[in-house]
Structure formats: C-alpha cells, structure tokens
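File shown here: structure_1.cif, holding mmCIF, C-alpha atoms.
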```
data_my_file
loop_
_atom_site.label_atom_id
_atom_site.label_comp_id
_atom_site.auth_asym_id
_atom_site.auth_seq_id
_atom_site.Cartn_x
_atom_site.Cartn_y
_atom_site.Cartn_z
CA MET A 1 0.00 12.34 26.18
CA LYS A 2 -1.06 15.26 28.37
CA LYS A 3 -3.49 13.04 30.31
CA LEU A 4 -0.83 10.40 30.88
CA LEU A 5 1.60 13.02 32.16
CA ILE A 6 -1.03 14.43 34.54
CA SER A 7 -1.76 10.88 35.78
CA MET A 8 1.96 10.36 36.33
CA THR A 9 2.09 13.58 38.34
CA LEU A 10 -0.74 12.28 40.55
CA VAL A 11 1.16 9.04 41.22
CA ALA A 12 4.31 11.04 42.07
CA VAL A 13 2.50 13.37 44.47
CA VAL A 14 0.67 10.54 46.27
CA SER A 15 3.97 8.74 46.71
CA ASP A 16 5.60 11.94 47.96
CA TYR A 17 2.85 12.85 50.45
CA LEU A 18 2.31 9.49 52.17
CA LEU A 19 4.30 10.45 55.26
CA HIS A 20 3.91 14.24 55.24
CA PRO A 21 1.25 14.45 57.99
CA PHE A 22 2.78 11.63 60.01
CA TYR A 23 6.55 12.11 60.22
CA PRO A 24 6.39 12.80 64.00
CA GLN A 25 4.44 9.55 64.53
CA PHE A 26 6.62 7.65 62.05
CA PHE A 27 9.92 8.55 63.74
CA GLU A 28 8.51 7.67 67.15
CA LEU A 29 7.01 4.33 66.09
CA ARG A 30 9.87 3.25 63.83
CA PHE A 31 12.97 4.60 65.60
CA GLY A 32 11.75 5.80 69.01
CA VAL A 33 12.66 9.42 68.17
CA LYS A 34 10.25 11.84 69.92
CA ASP A 35 12.11 15.16 69.61
CA PRO A 36 10.00 17.61 67.52
CA ALA A 37 13.14 19.44 66.41
CA SER A 38 14.45 16.24 64.78
CA VAL A 39 11.35 16.12 62.59
CA GLY A 40 11.92 19.73 61.58
CA TYR A 41 15.56 19.05 60.74
CA TYR A 42 14.56 16.09 58.57
CA PHE A 43 12.05 18.21 56.64
CA ALA A 44 14.70 20.89 56.26
CA ALA A 45 17.16 18.35 54.89
CA ILE A 46 14.60 17.16 52.33
CA CYS A 47 13.92 20.73 51.22
CA GLY A 48 17.62 21.47 50.93
CA ILE A 49 18.14 18.41 48.75
CA VAL A 50 15.21 19.33 46.47
CA MET A 51 16.47 22.93 46.20
CA LEU A 52 19.75 21.67 44.77
CA ALA A 53 18.56 18.61 42.87
CA PHE A 54 15.71 20.12 40.85
CA PRO A 55 17.78 22.92 39.21
CA PHE A 56 20.34 20.24 38.36
CA TRP A 57 17.73 18.08 36.61
CA ALA A 58 16.31 21.20 34.90
CA TYR A 59 19.78 21.93 33.51
CA VAL A 60 20.20 18.29 32.40
CA SER A 61 16.81 18.47 30.63
CA LYS A 62 18.29 21.03 28.20
CA LYS A 63 20.45 18.19 26.85
CA ILE A 64 18.34 15.08 27.55
CA ALA A 65 14.57 14.79 27.08
CA GLU A 66 12.64 14.95 30.37
CA LEU A 67 11.02 11.51 30.11
CA HIS A 68 14.34 9.83 29.35
CA ILE A 69 15.65 11.33 32.59
CA LEU A 70 12.63 10.04 34.55
CA VAL A 71 13.10 6.43 33.38
CA PHE A 72 16.53 6.44 35.02
CA THR A 73 15.85 8.55 38.12
CA GLN A 74 12.57 6.95 39.19
CA CYS A 75 14.09 3.48 38.91
CA ILE A 76 16.86 4.46 41.32
CA ALA A 77 14.38 6.22 43.64
CA GLY A 78 12.28 3.05 43.80
CA ILE A 79 15.30 0.90 44.67
CA LEU A 80 16.32 3.32 47.43
CA ALA A 81 12.75 3.33 48.80
CA LEU A 82 13.04 -0.44 49.19
CA TYR A 83 16.28 0.05 51.15
CA CYS A 84 14.47 2.55 53.39
CA TYR A 85 11.86 -0.14 54.07
CA TRP A 86 14.47 -2.72 55.05
CA THR A 87 16.87 -0.63 57.14
CA THR A 88 16.47 -0.50 60.92
CA SER A 89 19.20 2.09 61.46
CA TYR A 90 18.13 5.69 62.04
CA ILE A 91 21.38 7.01 60.53
CA ASN A 92 21.11 4.76 57.48
CA PHE A 93 17.50 5.81 57.02
CA TRP A 94 18.51 9.48 56.97
CA MET A 95 21.24 8.93 54.38
CA LEU A 96 19.27 6.55 52.14
CA SER A 97 16.03 8.56 52.19
CA LEU A 98 17.80 11.83 51.39
CA PHE A 99 19.71 10.18 48.55
CA MET A 100 16.33 8.89 47.33
CA VAL A 101 14.98 12.45 47.31
CA VAL A 102 17.78 13.52 44.92
CA PHE A 103 16.29 11.23 42.27
CA LYS A 104 12.64 11.71 43.25
CA ALA A 105 13.02 15.48 42.67
CA SER A 106 13.28 14.87 38.94
CA TYR A 107 9.50 14.28 38.73
CA LEU A 108 9.10 18.07 39.09
CA LEU A 109 10.28 18.31 35.46
CA VAL A 110 6.88 17.00 34.37
CA TYR A 111 5.12 20.24 35.39
CA PRO A 112 6.99 22.63 33.04
CA TYR A 113 7.14 19.88 30.40
CA ILE A 114 3.33 19.67 30.24
CA LEU A 115 3.12 23.45 29.84
CA LYS A 116 5.81 23.32 27.16
CA ILE A 117 3.73 20.98 24.98
CA CYS A 118 0.48 22.94 25.51
CA ALA A 119 -0.68 26.19 23.94
CA LYS A 120 -0.22 29.37 26.00
CA GLU A 121 -4.00 29.88 26.21
CA GLU A 122 -4.33 26.55 28.03
CA HIS A 123 -1.85 27.46 30.75
CA PRO A 124 -4.25 28.85 33.40
CA THR A 125 -6.43 25.73 33.14
CA ILE A 126 -3.43 23.37 33.11
CA ILE A 127 -1.84 25.14 36.08
CA GLY A 128 -5.12 24.93 38.00
CA THR A 129 -5.46 21.25 37.14
CA LEU A 130 -1.91 20.46 38.23
CA SER A 131 -2.43 22.41 41.45
CA VAL A 132 -5.52 20.30 42.13
CA ILE A 133 -3.49 17.18 41.35
CA VAL A 134 -1.06 18.23 44.08
CA HIS A 135 -3.96 18.70 46.51
CA LEU A 136 -5.66 15.46 45.42
CA GLY A 137 -2.35 13.67 45.82
CA GLY A 138 -2.12 15.16 49.29
CA ILE A 139 -5.59 13.79 50.10
CA LEU A 140 -4.85 10.29 48.86
CA GLY A 141 -1.38 10.32 50.40
CA ALA A 142 -2.71 11.43 53.81
CA VAL A 143 -5.50 8.84 53.81
CA ILE A 144 -3.28 5.96 52.63
CA GLY A 145 -0.53 7.03 55.03
CA GLY A 146 -3.00 7.24 57.94
CA LEU A 147 -4.41 3.79 57.21
CA THR A 148 -0.90 2.35 56.95
CA VAL A 149 0.32 3.92 60.22
CA ASP A 150 -2.90 2.97 62.06
CA PHE A 151 -3.48 -0.57 60.86
CA ILE A 152 -0.33 -1.98 59.24
CA ASP A 153 3.22 -0.76 59.89
CA PRO A 154 4.83 2.63 59.25
CA SER A 155 7.71 1.12 57.29
CA THR A 156 5.23 -0.34 54.78
CA ILE A 157 4.77 3.19 53.46
CA PHE A 158 8.14 2.87 51.73
CA LEU A 159 6.92 -0.18 49.82
CA ILE A 160 4.05 1.96 48.53
CA MET A 161 6.53 4.72 47.67
CA ALA A 162 8.68 2.25 45.75
CA ALA A 163 5.62 1.06 43.82
CA GLY A 164 4.83 4.68 42.91
CA ASP A 165 8.37 5.26 41.66
CA PHE A 166 8.34 2.11 39.52
CA ILE A 167 4.94 3.08 38.07
CA GLN A 168 6.39 6.46 37.04
CA MET A 169 9.39 4.70 35.53
CA GLY A 170 7.09 2.38 33.57
CA MET A 171 4.87 5.21 32.32
CA SER A 172 7.92 7.23 31.24
CA TRP A 173 9.35 4.19 29.46
CA TYR A 174 6.03 3.63 27.68
CA LEU A 175 5.87 7.24 26.47
CA VAL A 176 9.50 7.14 25.33
CA ARG A 177 9.09 3.87 23.43
CA SER A 178 5.60 4.38 22.01
CA PRO A 179 5.54 5.53 18.35
CA LYS A 180 2.37 7.52 19.12
CA TYR A 181 4.25 10.13 21.15
CA SER A 182 7.22 12.41 20.47
CA THR A 183 9.47 12.84 23.50
CA VAL A 184 12.57 14.32 21.87
CA PRO A 185 13.86 17.59 23.38
CA ILE A 186 11.86 20.59 22.16
CA VAL A 187 14.20 22.89 20.23
CA PRO A 188 13.09 26.53 20.46
CA ALA A 189 12.98 28.90 17.53
CA ILE A 190 15.78 31.45 17.40
CA ALA A 191 13.36 34.23 18.41
CA ASN A 192 12.26 32.22 21.40
CA VAL A 193 15.59 31.14 22.82
CA GLY A 194 15.31 30.78 26.58
CA ARG A 195 17.32 32.39 29.29
CA THR A 196 20.33 30.32 30.29
CA GLY A 197 21.58 32.23 33.35
CA LEU A 198 21.20 30.55 36.71
CA ILE A 199 20.52 33.80 38.61
CA PRO A 200 16.86 34.94 38.44
CA LYS A 201 16.21 38.55 37.44
CA GLY A 202 13.32 40.96 37.03
CA ARG A 203 9.85 39.64 37.71
CA ILE A 204 11.05 36.04 37.93
CA LEU A 205 13.12 37.16 40.94
CA LYS A 206 10.16 39.08 42.41
CA ILE A 207 7.84 36.09 42.06
CA GLY A 208 10.51 33.96 43.71
CA LEU A 209 10.83 36.35 46.67
CA ILE A 210 7.06 36.62 47.18
CA THR A 211 6.46 32.88 47.01
CA PHE A 212 9.50 32.31 49.24
CA VAL A 213 7.55 33.88 52.11
CA LEU A 214 4.18 32.41 51.06
CA TYR A 215 5.39 28.80 50.81
CA GLY A 216 7.36 29.07 54.04
CA SER A 217 4.29 30.41 55.85
CA ASP A 218 2.13 27.65 54.37
CA PHE A 219 4.54 24.93 55.43
CA LEU A 220 4.74 26.07 59.05
CA ILE A 221 1.25 24.72 59.80
CA ARG A 222 1.76 21.33 58.13
CA PRO A 223 4.21 19.03 59.99
CA PHE A 224 2.41 19.10 63.36
CA PHE A 225 -1.14 19.72 62.20
CA ALA A 226 -2.19 16.07 62.67
CA SER A 227 -0.69 16.10 66.17
CA TYR A 228 -2.42 19.44 66.89
CA TRP A 229 -5.77 18.00 65.80
CA GLU A 230 -5.28 14.90 67.97
CA SER A 231 -4.52 17.13 70.96
CA ILE A 232 -7.82 19.06 70.75
CA SER A 233 -10.24 16.51 69.27
CA ILE A 234 -11.99 13.58 70.93
CA TYR A 235 -11.44 11.76 67.62
CA ASP A 236 -7.70 11.12 67.59
CA ALA A 237 -7.42 8.29 65.03
CA LYS A 238 -4.70 8.83 62.46
CA LEU A 239 -7.18 8.34 59.62
CA ILE A 240 -9.43 11.16 60.90
CA ALA A 241 -6.41 13.40 61.49
CA GLY A 242 -5.23 12.69 57.95
CA THR A 243 -8.68 13.48 56.57
CA ILE A 244 -8.82 16.85 58.37
CA TYR A 245 -5.29 17.54 57.17
CA ALA A 246 -6.47 16.88 53.60
CA ILE A 247 -9.49 19.25 53.67
CA PRO A 248 -7.67 21.91 51.59
CA GLY A 249 -7.25 19.28 48.89
CA PHE A 250 -10.99 18.60 48.74
CA VAL A 251 -11.65 22.35 48.60
CA ALA A 252 -9.12 22.76 45.79
CA LEU A 253 -11.22 20.42 43.64
CA LEU A 254 -14.20 22.75 44.09
CA ALA A 255 -12.01 25.78 43.42
CA LEU A 256 -10.78 24.31 40.12
CA TRP A 257 -14.37 23.59 39.06
CA TYR A 258 -15.36 27.14 39.97
CA ASN A 259 -12.40 28.62 38.08
CA THR A 260 -13.17 26.53 35.00
CA LYS A 261 -16.86 27.43 34.96
CA TRP A 262 -17.03 31.05 36.05
CA ALA A 263 -13.80 32.70 37.10
CA LYS A 264 -11.87 34.92 34.73
CA THR A 265 -8.15 35.55 34.93
CA ASP A 266 -7.84 38.58 37.19
CA ARG A 267 -4.48 39.91 38.31
CA THR A 268 -5.61 43.22 39.79
CA PRO A 269 -4.16 44.15 43.19
CA SER A 270 -7.58 43.80 44.81
CA SER A 271 -7.99 40.27 43.39
CA VAL A 272 -4.68 38.89 44.68
CA GLY A 273 -4.91 41.02 47.82
CA MET A 274 -8.34 39.58 48.69
CA ILE A 275 -7.07 36.04 48.18
CA LEU A 276 -4.14 36.66 50.54
CA LEU A 277 -6.48 38.25 53.11
CA LEU A 278 -8.71 35.15 53.00
CA THR A 279 -5.58 33.04 53.49
CA ILE A 280 -4.72 35.06 56.60
CA ILE A 281 -8.23 34.63 58.03
CA GLY A 282 -8.12 30.87 57.34
CA ILE A 283 -4.82 30.54 59.20
CA ALA A 284 -6.15 32.53 62.17
CA LEU A 285 -9.25 30.31 62.47
CA GLN A 286 -7.13 27.14 62.44
CA GLY A 287 -5.17 28.46 65.41
CA ILE A 288 -8.31 28.48 67.58
CA PRO A 289 -8.43 25.10 69.39
CA GLU A 290 -12.07 24.26 68.62
CA ALA A 291 -12.73 21.41 66.18
CA ILE A 292 -15.50 23.08 64.18
CA ILE A 293 -13.60 26.38 63.90
CA ILE A 294 -10.49 24.54 62.74
CA ILE A 295 -12.51 22.79 60.03
CA ILE A 296 -14.00 26.12 58.86
CA GLY A 297 -10.48 27.56 58.81
CA ARG A 298 -9.21 24.61 56.76
CA VAL A 299 -11.99 25.12 54.20
CA LEU A 300 -11.37 28.86 53.86
CA TYR A 301 -7.61 28.40 53.82
CA GLY A 302 -7.82 25.63 51.22
CA TRP A 303 -9.79 27.82 48.83
CA ALA A 304 -7.57 30.87 49.24
CA VAL A 305 -4.15 29.22 49.16
CA PHE A 306 -5.12 27.25 46.03
CA GLN A 307 -6.09 30.47 44.24
CA ALA A 308 -2.88 32.19 45.38
CA VAL A 309 -0.62 29.37 44.18
CA VAL A 310 -2.36 29.20 40.80
CA LYS A 311 -2.13 32.97 40.25
CA PHE A 312 1.57 33.17 41.04
CA ASP A 313 2.31 30.17 38.80
CA VAL A 314 0.36 31.83 35.98
CA PHE A 315 2.39 35.00 36.53
CA LEU A 316 5.60 32.96 36.35
CA PHE A 317 4.85 31.25 33.04
CA GLU A 318 3.57 34.52 31.56
CA GLU A 319 7.00 36.01 32.21
CA SER A 320 8.90 32.97 30.87
CA THR A 321 9.26 31.38 27.42
CA PRO A 322 8.83 27.69 26.46
CA ALA A 323 12.58 27.28 26.12
CA SER A 324 13.05 28.61 29.67
CA TYR A 325 10.08 27.00 31.43
CA SER A 326 12.05 24.29 33.25
CA LEU A 327 14.92 26.56 34.25
CA ASP A 328 12.74 29.52 35.32
CA TYR A 329 10.42 27.19 37.22
CA SER A 330 13.41 25.65 38.97
CA LYS A 331 14.64 29.13 39.98
CA VAL A 332 11.30 30.08 41.55
CA HIS A 333 11.01 26.58 43.00
CA PHE A 334 14.41 27.15 44.64
CA PHE A 335 13.04 30.20 46.49
CA GLN A 336 9.88 28.31 47.45
CA ASN A 337 11.90 25.44 48.86
CA LEU A 338 14.19 27.89 50.64
CA GLY A 339 11.10 29.21 52.41
CA VAL A 340 10.05 25.66 53.29
CA LEU A 341 13.63 24.90 54.41
CA LEU A 342 13.71 27.81 56.87
CA ALA A 343 10.22 26.89 58.08
CA SER A 344 11.39 23.30 58.57
CA PHE A 345 14.32 24.39 60.72
CA SER A 346 12.11 26.57 62.89
CA VAL A 347 8.82 24.64 63.18
CA GLY A 348 10.17 21.92 65.46
CA MET A 349 11.65 24.46 67.87
CA LEU A 350 8.49 26.58 67.73
CA VAL A 351 6.35 23.61 68.74
CA GLU A 352 8.85 22.44 71.34
CA TYR A 353 8.91 25.79 73.15
CA GLY A 354 5.53 27.34 72.23
CA GLY A 355 3.14 24.46 71.69
CA PHE A 356 1.08 23.41 68.66
CA GLN A 357 -0.61 26.80 68.16
CA ILE A 358 2.47 28.97 67.73
CA PRO A 359 3.10 27.92 64.07
CA PHE A 360 -0.29 29.44 63.17
CA VAL A 361 0.75 32.77 64.71
CA VAL A 362 4.02 32.87 62.77
CA SER A 363 2.27 31.73 59.57
CA PHE A 364 -0.33 34.50 60.03
CA ILE A 365 2.46 37.11 60.21
CA GLY A 366 4.21 35.53 57.22
CA VAL A 367 1.21 35.85 54.90
CA LEU A 368 0.76 39.46 56.01
CA ILE A 369 4.35 40.04 54.90
CA THR A 370 3.55 38.22 51.62
CA LEU A 371 0.69 40.63 50.98
CA ALA A 372 2.93 43.64 51.58
CA MET A 373 5.68 42.22 49.37
CA TYR A 374 3.25 41.53 46.56
CA TYR A 375 2.05 45.10 46.55
CA TRP A 376 5.46 46.78 46.86
CA LEU A 377 7.63 44.44 44.75
CA TYR A 378 5.17 43.59 42.00
CA ARG A 379 2.21 45.94 41.70
CA VAL A 380 3.99 49.23 42.40
CA ALA A 381 6.70 48.37 39.86
CA GLU A 382 4.02 47.55 37.28
CA LYS A 383 2.25 50.87 37.89
CA ASN A 384 5.52 52.79 37.55
CA THR A 385 6.25 51.03 34.26
CA THR A 386 2.79 51.89 32.97
CA LYS A 387 3.26 55.58 33.90
CA LYS A 388 6.60 55.71 32.07
CA LEU A 389 5.01 54.24 28.94
CA VAL A 390 2.17 56.76 29.10
CA ASN A 391 4.57 59.68 29.58
CA THR A 392 6.64 58.66 26.57
#
```
Could you express the structure from this file as structure tokens?
Amino acid sequence: MKKLLISMTLVAVVSDYLLHPFYPQFFELRFGVKDPASVGYYFAAICGIVMLAFPFWAYVSKKIAELHILVFTQCIAGILALYCYWTTSYINFWMLSLFMVVFKASYLLVYPYILKICAKEEHPTIIGTLSVIVHLGGILGAVIGGLTVDFIDPSTIFLIMAAGDFIQMGMSWYLVRSPKYSTVPIVPAIANVGRTGLIPKGRILKIGLITFVLYGSDFLIRPFFASYWESISIYDAKLIAGTIYAIPGFVALLALWYNTKWAKTDRTPSSVGMILLLTIIGIALQGIPEAIIIIIGRVLYGWAVFQAVVKFDVFLFEESTPASYSLDYSKVHFFQNLGVLLASFSVGMLVEYGGFQIPFVVSFIGVLITLAMYYWLYRVAEKNTTKKLVNT
C-alpha cells in the first residue's frame, strides 16, 4: 500500500508541476498576457487557495478516510482541468483553474497519511523519499511541460493534468475497494489523542515561522528562472530551460541515496546551520549571469534545500502524534504557503522593476533571516529547556 501511495504522490506532483516553470510563457501564448505582475498574482491566488483548502480537507479527514476523500476530489479536479483546456476566456480560466486547485489540494493528505501508517523509525527515510518524489515530479513536470509548450500547444497541458487527476482517482478507488488494504479512518488510542485546535503552538508554531521564510525565499527564484536562463544562455529552447530548472530534482535523488547509505540524523545547530549556509551560497551563484556558474549554483542549492526541507519535516513529525499528523502538517503547510503567497505577490513586481536577477538577491537575504530565526526561535529555546532540566 505504501508503494502505491508514493506512486500516487508522484502522479499528483507531476500533474501539479507541468506549468510551474512556464506560466509566463503560457499566459503570453494562450491569452496574450505579458505583464510579469499578472503571473505573480496568479501564483499568489493559487497559494491562497491551497492555504485555505488543505486545512479544510485535513479537518474533513478526521471524519472521512483520506482515500475516500481523494476519489471524490480528484474526479472533480480532473473535470475542471478539462474545462480549463476548452475555455478561451482569460477570466473563465482564472476562476475555473482556481476552483480546480481547491480540489487538487486534497492530494496533500497523502503525505501525512503515509507517515500515519508507517512506524516512527521509518519517518526520516519516508520523508526523504517523499521529498525526492516532489523533486522528481518537478523534473518530469518541467520536461513534459517544456516539450508540450515547445512542440504541441500550451493548453494541452491541462489534458495531461486531467489524466493525472483521473489516475489518482482510480488508484484511490482501487485502494478503497480492494480487500487487501484497510483504508478506514485510523482511530488513535486514548493516550495518543491528537491536538484538535486550529491555532499552532509551541514548536509546531516555531517550525511554521521558520519554514514560512524558507519556502518564501525558495519560491522567489522559481517563476522566472526559465525566462532568466533564456535571457543569458545561447540555448533558449524551453526543453533546455526546463531541464536546468529541474537540476535540484536530479540532485535530490543523489541526496536521498547519500542519506540512506551514510548520513545519520543530525539536528545539531552546526548541521542545520551548515545546510542553510550552503543554500545561501547556491542562491548567490545562481544570481551570477554565467551559464556554468548558474548550473553549479543549481547543484549546490538542490543538495542544500533538499536537506533543509527534510530536516524541518522530520522535526515537525517528531513534535506531532499520529492522530494529529494531518492537522499539524496542514498548520505548518499554511505558514509555508503564506510565505509562497507573499513571494508570489512580490516576485512579478521585483522582476518588472529590477530585472531577472533581483529575486536572487531577495532570496539570499531571506535564507539569511531563516538561519537567524532557526537559531533564536528553535535552538536557543531548546538549550534553555535543557538548562532548566539540569538545574532541577
């Protein structure tokens, strides 16, 4: 069952990432919209929808089993993707695609659900695997999206999205109906009853605040990266731009292999601090408009940001309980999407007034702030708690 759920996550991520590197090109080719700010606003709208929709589905999953929800939601998402393919109205596209995102967001329930059905000792490996799935999905999505934009028609991407949604619906239906698998809601023991409050507290809140800045900083360099590459490289094909965009995904595969073979779980300040410093260096290198330096920066950045995301997710599920996984994950995910939302609002204006390199400068500053927040909000509090325990 675990393997099927991971496969379903890959299908969902590929479907989700098809247009991520190419929204500026898509809006221009499909609707004649060239304003960079419009692209940023659209990304912001998507993030806002996900921020609200995912906690809603997490709350619903306390009453209805996750896979039962996905059968319904992915069917509707697939139908709406077909409408997005057919419509020629820019306004209708906005409304239909955002309504589609409401139902697509439910696939995020699979992540905490997999962890819920696995032993705690497996969590670091599962989290690393799922993080790689996100990166691998980004690779496949960028390549398929680039081929579609270059050689077919941008609107065809929504047919592929619809196919992905219907595949997820079918896989969920199979798991629900198959006698080999149990998909009833997992009822926690009395001693393990999860938190039910919607407001995050304690370390869940701290992890949310730290990743709020980290995810926002990460997103700033994404929407216009393909356009940035095309502006400085003699190779400006969409497929090549999508491949360069996807380098962090390739590197994440190597990072997962390294973690599985040799790395030990290490949450010391120097460990996380070094990862964030490498992230900062990778961002800085990407801001230098030389093709080879950008590629080196993508490799370094891909390694570091993968390790950072995995560590903070491990921290999150260490602080949570199986009964609270979905809800706590949705709370932290809310902060992460809030960071992406603010980045979405600002990235279009940054590019419009400062050019393609300015997002790297702001992202660089953002990860520096992340490093400071990690030390002061998380590590200092942990040290103070340890001292109190020793003194008592």
Show which residues sit within 12 Å of segment 29-39 of chain A, as a PyMOL selection string. Count all atoms listed in the file, and ignore same-chain residues fewer than 4 positions away.
-> chain A and resi 19-25+43-46+84-94+149-150+152-157+222-224+227+343-356
Given the file above and the PyMOL selection byres ((chain A and resi 340) around 8), which residues are selected, and can you give them as a PyMOL selection string?
-> chain A and resi 44+47+212+215-217+219-220+336-339+341-344
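Running the PyMOL selection byres ((chain A and resi 49) around 9) on this file leaves Ala44, Ala45, Ile46, Cys47, Gly48, Val50, Met51, Leu52, Ala53, Phe54, Leu98, Phe99, Val101, Val102 and Ala105 of chain A selected.
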Which residues of segment 285-391 of chain A sit at most 9 Å from segment 249-254 of chain A, using only C-alpha atoms? Give each one's shortest atom pair and distance in Å (one decimal place), in chain and ascending residue order, as a tab-separated table.
```
residue	atom	partner	partner_atom	distance
A:Arg298	CA	A:Val251	CA	8.8
A:Val299	CA	A:Val251	CA	6.3
A:Leu300	CA	A:Val251	CA	8.4
A:Tyr301	CA	A:Val251	CA	9.0
A:Gly302	CA	A:Val251	CA	5.7
A:Trp303	CA	A:Val251	CA	5.8
A:Ala304	CA	A:Ala252	CA	8.9
A:Val305	CA	A:Ala252	CA	8.8
A:Phe306	CA	A:Ala252	CA	6.0
A:Gln307	CA	A:Ala252	CA	8.4
```
Picked residues, the PyMOL selection byres ((chain A and resi 120-127) around 12), expected as number ranges by chain = A: 2-3, 5-6, 111-119, 128-134, 255-261, 263-266, 306-322, 325
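Interatomic distance, atom CA of Gly170 of chain A against atom CA of Tyr59 of chain A: 23.3 Å.
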Using only C-alpha atoms, tabulate the residues of segment 135-252 of chain A lying at most 8 Å from any atom of segment 274-291 of chain A, each with its closest atom pair and that distance in Å to one decimal, by chain and increasing residue number, as a tab-separated table.
```
residue	atom	partner	partner_atom	distance
A:Trp229	CA	A:Ala291	CA	7.8
A:Ile232	CA	A:Pro289	CA	6.2
A:Ser233	CA	A:Ala291	CA	6.3
```
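The smallest atom-to-atom distance between Val332 of chain A and any of A:Ser363, A:Thr370, A:Thr211, A:Thr243, using all atoms listed in the file, is found for A:Thr211.
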Between A:Gly297, A:Lys331, A:Leu209, A:Pro248, which one has atoms that come closest to Ile369 of chain A, using only C-alpha atoms?
-> A:Leu209
